Each structure stands twice: as structure tokens, then as C-alpha cells.
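J.: You'll find work_21.cif just under this line, and it carries mmCIF, C-alpha atoms.
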```cif
data_target
#
loop_
_atom_site.group_PDB
_atom_site.id
_atom_site.type_symbol
_atom_site.label_atom_id
_atom_site.label_comp_id
_atom_site.auth_asym_id
_atom_site.auth_seq_id
_atom_site.Cartn_x
_atom_site.Cartn_y
_atom_site.Cartn_z
ATOM 1 C CA MET A 129 -57.749 -59.709 -56.389
ATOM 2 C CA SER A 130 -58.999 -60.348 -59.884
ATOM 3 C CA ALA A 131 -61.391 -63.133 -60.803
ATOM 4 C CA ALA A 132 -58.639 -65.018 -62.622
ATOM 5 C CA LYS A 133 -56.424 -65.008 -59.536
ATOM 6 C CA THR A 134 -59.310 -66.172 -57.359
ATOM 7 C CA GLN A 135 -59.972 -69.029 -59.773
ATOM 8 C CA ALA A 136 -56.286 -69.970 -59.702
ATOM 9 C CA ALA A 137 -56.357 -70.174 -55.899
ATOM 10 C CA LEU A 138 -59.482 -72.354 -56.010
ATOM 11 C CA ILE A 139 -57.882 -74.634 -58.590
ATOM 12 C CA ALA A 140 -54.819 -74.936 -56.351
ATOM 13 C CA GLY A 141 -56.988 -76.181 -53.502
ATOM 14 C CA ALA A 142 -58.695 -78.692 -55.756
ATOM 15 C CA LEU A 143 -55.375 -79.961 -57.161
ATOM 16 C CA VAL A 144 -53.871 -80.541 -53.733
ATOM 17 C CA THR A 145 -57.049 -82.208 -52.486
ATOM 18 C CA LEU A 146 -57.053 -84.582 -55.458
ATOM 19 C CA GLY A 147 -53.320 -85.189 -55.042
ATOM 20 C CA THR A 148 -53.621 -86.143 -51.388
ATOM 21 C CA TRP A 149 -56.587 -88.380 -52.183
ATOM 22 C CA ALA A 150 -54.616 -90.087 -54.962
ATOM 23 C CA LEU A 151 -51.647 -90.655 -52.662
ATOM 24 C CA ARG A 152 -53.914 -92.317 -50.130
ATOM 25 C CA GLN A 153 -55.774 -94.458 -52.683
ATOM 26 C CA TRP A 154 -52.908 -95.674 -54.821
ATOM 27 C CA ALA A 155 -49.787 -95.352 -52.695
ATOM 28 C CA GLY A 156 -51.349 -96.018 -49.290
ATOM 29 C CA LEU A 157 -49.659 -92.851 -48.013
ATOM 30 C CA THR A 158 -51.574 -90.715 -45.537
ATOM 31 C CA VAL A 159 -50.727 -87.020 -45.792
ATOM 32 C CA PRO A 160 -51.189 -85.101 -42.526
ATOM 33 C CA ALA A 161 -53.683 -82.244 -42.669
ATOM 34 C CA GLU A 162 -50.963 -79.729 -41.823
ATOM 35 C CA ALA A 163 -48.844 -80.863 -44.765
ATOM 36 C CA ALA A 164 -51.826 -80.737 -47.122
ATOM 37 C CA ALA A 165 -52.655 -77.209 -45.933
ATOM 38 C CA ALA A 166 -49.056 -76.102 -46.442
ATOM 39 C CA ALA A 167 -49.005 -77.631 -49.921
ATOM 40 C CA THR A 168 -52.260 -75.857 -50.780
ATOM 41 C CA THR A 169 -50.788 -72.549 -49.643
ATOM 42 C CA LEU A 170 -47.633 -73.037 -51.706
ATOM 43 C CA VAL A 171 -49.462 -74.134 -54.859
ATOM 44 C CA ALA A 172 -51.955 -71.267 -54.510
ATOM 45 C CA ALA A 173 -49.146 -68.737 -54.054
ATOM 46 C CA VAL A 174 -47.366 -69.977 -57.170
ATOM 47 C CA LEU A 175 -50.527 -69.981 -59.293
ATOM 48 C CA VAL A 176 -51.643 -66.541 -58.099
ATOM 49 C CA TYR A 177 -48.156 -65.193 -58.834
ATOM 50 C CA VAL A 178 -48.117 -66.690 -62.335
ATOM 51 C CA VAL A 179 -51.623 -65.589 -63.368
ATOM 52 C CA PRO A 180 -51.437 -62.039 -64.771
ATOM 53 C CA ASN A 181 -53.501 -59.195 -63.388
ATOM 54 C CA GLN A 182 -56.497 -58.135 -65.418
ATOM 55 C CA PRO A 183 -56.118 -54.671 -66.925
ATOM 56 C CA GLU A 184 -57.906 -51.914 -65.065
ATOM 57 C CA PRO A 185 -60.558 -49.964 -66.949
ATOM 58 C CA PRO A 186 -59.563 -46.424 -67.899
ATOM 59 C CA PRO A 187 -60.710 -43.657 -65.563
ATOM 60 C CA PRO A 188 -63.875 -41.800 -66.548
ATOM 61 C CA ASP A 189 -63.449 -38.680 -68.636
ATOM 62 C CA PRO A 190 -64.150 -35.701 -66.342
ATOM 63 C CA TYR A 191 -65.100 -33.507 -69.325
ATOM 64 C CA ARG A 192 -67.975 -35.632 -70.588
#
```
Would you mind giving the structure from this file in C-alpha cells?
T.:
Amino acid sequence: MSAAKTQAALIAGALVTLGTWALRQWAGLTVPAEAAAAATTLVAAVLVYVVPNQPEPPPPDPYR
């Protein structure tokens, strides 16, 4: 997994954590841990799918 995809997965976790906190603070809605974990998984999957792969470096020249 590339660094960009790893960062996207970490951002997904942070977004869901902030979202569940905001729901509790402002809407008084408590999100069960299982639902928050499922939401994190879904958001991470979408972000990792959307973030493009980094190009691989060319193979070394065997004749050098």
C-alpha cells in the first residue's frame, strides 16, 4: 500500500471519529462502537479506492 493510501485510511478514521463526536455533542445521539467501526471501514475503503496508486520506479538497467 502506498503512503498516499495509508494517509487516506488514517484520515478516514479521523473523520469518522470527529463525526461521531459531533453527533454526540450537538445532536445528543450516541453512536454504538460497532456502527462507528463499520462507518470507519466503509469510509476508509472508499478513500483508499479513490486515491490513485503511486507510480512504481522503473526497474534497474541490467546492462549498467
J.: Please write as a PyMOL selection string the full residue list that the PyMOL selection byres ((chain A and resi 134) around 12) yields on this file.
T.: chain A and resi 129-133+135-141+172-173+175-177+179-182
J.: Save out the residues we just selected, C-alpha atoms, as a short mmCIF file (atom, residue, chain, number, x, y, z; two decimals), keeping the file's coordinate frame.
T.:
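Once written, again-v6.cif looks like this:
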```cif
data_model
loop_
_atom_site.label_atom_id
_atom_site.label_comp_id
_atom_site.auth_asym_id
_atom_site.auth_seq_id
_atom_site.Cartn_x
_atom_site.Cartn_y
_atom_site.Cartn_z
CA MET A 129 -57.75 -59.71 -56.39
CA SER A 130 -59.00 -60.35 -59.88
CA ALA A 131 -61.39 -63.13 -60.80
CA ALA A 132 -58.64 -65.02 -62.62
CA LYS A 133 -56.42 -65.01 -59.54
CA GLN A 135 -59.97 -69.03 -59.77
CA ALA A 136 -56.29 -69.97 -59.70
CA ALA A 137 -56.36 -70.17 -55.90
CA LEU A 138 -59.48 -72.35 -56.01
CA ILE A 139 -57.88 -74.63 -58.59
CA ALA A 140 -54.82 -74.94 -56.35
CA GLY A 141 -56.99 -76.18 -53.50
CA ALA A 172 -51.96 -71.27 -54.51
CA ALA A 173 -49.15 -68.74 -54.05
CA LEU A 175 -50.53 -69.98 -59.29
CA VAL A 176 -51.64 -66.54 -58.10
CA TYR A 177 -48.16 -65.19 -58.83
CA VAL A 179 -51.62 -65.59 -63.37
CA PRO A 180 -51.44 -62.04 -64.77
CA ASN A 181 -53.50 -59.20 -63.39
CA GLN A 182 -56.50 -58.14 -65.42
#
```
J.: When you draw a straight line from CA of Val174 in chain A to CA of Leu157 in chain A, how long is it in Å?
T.: 24.7 Å
J.: Nearest to Thr168 in chain A among A:Glu184, A:Arg152, A:Thr145, A:Arg192, with distances taken over all atoms listed in the file: which residue is it?
T.: A:Thr145
J.: Record the distance separating CA of Gly156 in chain A and CA of Leu143 in chain A, expressed in Å with one decimal.
T.: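 CA of Leu143 in chain A lies at a distance of 18.3 Å from CA of Gly156 in chain A.
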J.: Please give the centre and size of the box around range 169-174 of chain A (axis-aligned, containing every atom listed in the file, 6 Å added per side), with values in Å to one decimal and written as JSON.
T.:
```
{"center_x": -49.7, "center_y": -71.4, "center_z": -53.4, "size_x": 16.6, "size_y": 17.4, "size_z": 19.5}
```
J.: If you count all atoms listed in the file, which residues fall within 10 Å of range 158-164 of chain A, apart from same-chain ones fewer than 6 positions away, as a list in words?
T.: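 Close residues of range 158-164 of chain A: Gly141, Val144, Thr145, Gly147, Thr148, Trp149, Ala150, Leu151, Arg152 and Leu170 of chain A.
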J.: Working from the structure I just supplied, which lacks atoms in range 164-176 of chain A, can you model N, CA and C atoms there and output them as an mmCIF file, in the frame of the given file?
T.:
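Here's the written file part-v4.cif:
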```
data_model
loop_
_atom_site.group_PDB
_atom_site.id
_atom_site.type_symbol
_atom_site.label_atom_id
_atom_site.label_comp_id
_atom_site.auth_asym_id
_atom_site.auth_seq_id
_atom_site.Cartn_x
_atom_site.Cartn_y
_atom_site.Cartn_z
ATOM 1 N N ALA A 164 -50.928 -81.039 -46.005
ATOM 2 C CA ALA A 164 -51.826 -80.737 -47.122
ATOM 3 C C ALA A 164 -52.163 -79.247 -47.150
ATOM 4 N N ALA A 165 -52.367 -78.644 -45.989
ATOM 5 C CA ALA A 165 -52.655 -77.209 -45.933
ATOM 6 C C ALA A 165 -51.455 -76.397 -46.396
ATOM 7 N N ALA A 166 -50.260 -76.803 -46.000
ATOM 8 C CA ALA A 166 -49.056 -76.102 -46.442
ATOM 9 C C ALA A 166 -48.869 -76.243 -47.950
ATOM 10 N N ALA A 167 -49.121 -77.428 -48.478
ATOM 11 C CA ALA A 167 -49.005 -77.631 -49.921
ATOM 12 C C ALA A 167 -50.024 -76.787 -50.673
ATOM 13 N N THR A 168 -51.238 -76.693 -50.151
ATOM 14 C CA THR A 168 -52.260 -75.857 -50.780
ATOM 15 C C THR A 168 -51.818 -74.400 -50.807
ATOM 16 N N THR A 169 -51.260 -73.931 -49.707
ATOM 17 C CA THR A 169 -50.788 -72.549 -49.643
ATOM 18 C C THR A 169 -49.683 -72.296 -50.655
ATOM 19 N N LEU A 170 -48.738 -73.220 -50.758
ATOM 20 C CA LEU A 170 -47.633 -73.037 -51.706
ATOM 21 C C LEU A 170 -48.111 -73.075 -53.158
ATOM 22 N N VAL A 171 -48.960 -74.033 -53.483
ATOM 23 C CA VAL A 171 -49.462 -74.134 -54.859
ATOM 24 C C VAL A 171 -50.309 -72.910 -55.205
ATOM 25 N N ALA A 172 -51.132 -72.455 -54.271
ATOM 26 C CA ALA A 172 -51.955 -71.267 -54.510
ATOM 27 C C ALA A 172 -51.077 -70.043 -54.718
ATOM 28 N N ALA A 173 -50.041 -69.891 -53.909
ATOM 29 C CA ALA A 173 -49.146 -68.737 -54.054
ATOM 30 C C ALA A 173 -48.466 -68.738 -55.422
ATOM 31 N N VAL A 174 -48.024 -69.897 -55.859
ATOM 32 C CA VAL A 174 -47.366 -69.977 -57.170
ATOM 33 C C VAL A 174 -48.358 -69.649 -58.284
ATOM 34 N N LEU A 175 -49.552 -70.233 -58.234
ATOM 35 C CA LEU A 175 -50.527 -69.981 -59.293
ATOM 36 C C LEU A 175 -50.983 -68.523 -59.311
ATOM 37 N N VAL A 176 -51.212 -67.940 -58.144
ATOM 38 C CA VAL A 176 -51.643 -66.541 -58.099
ATOM 39 C C VAL A 176 -50.534 -65.628 -58.598
#
```
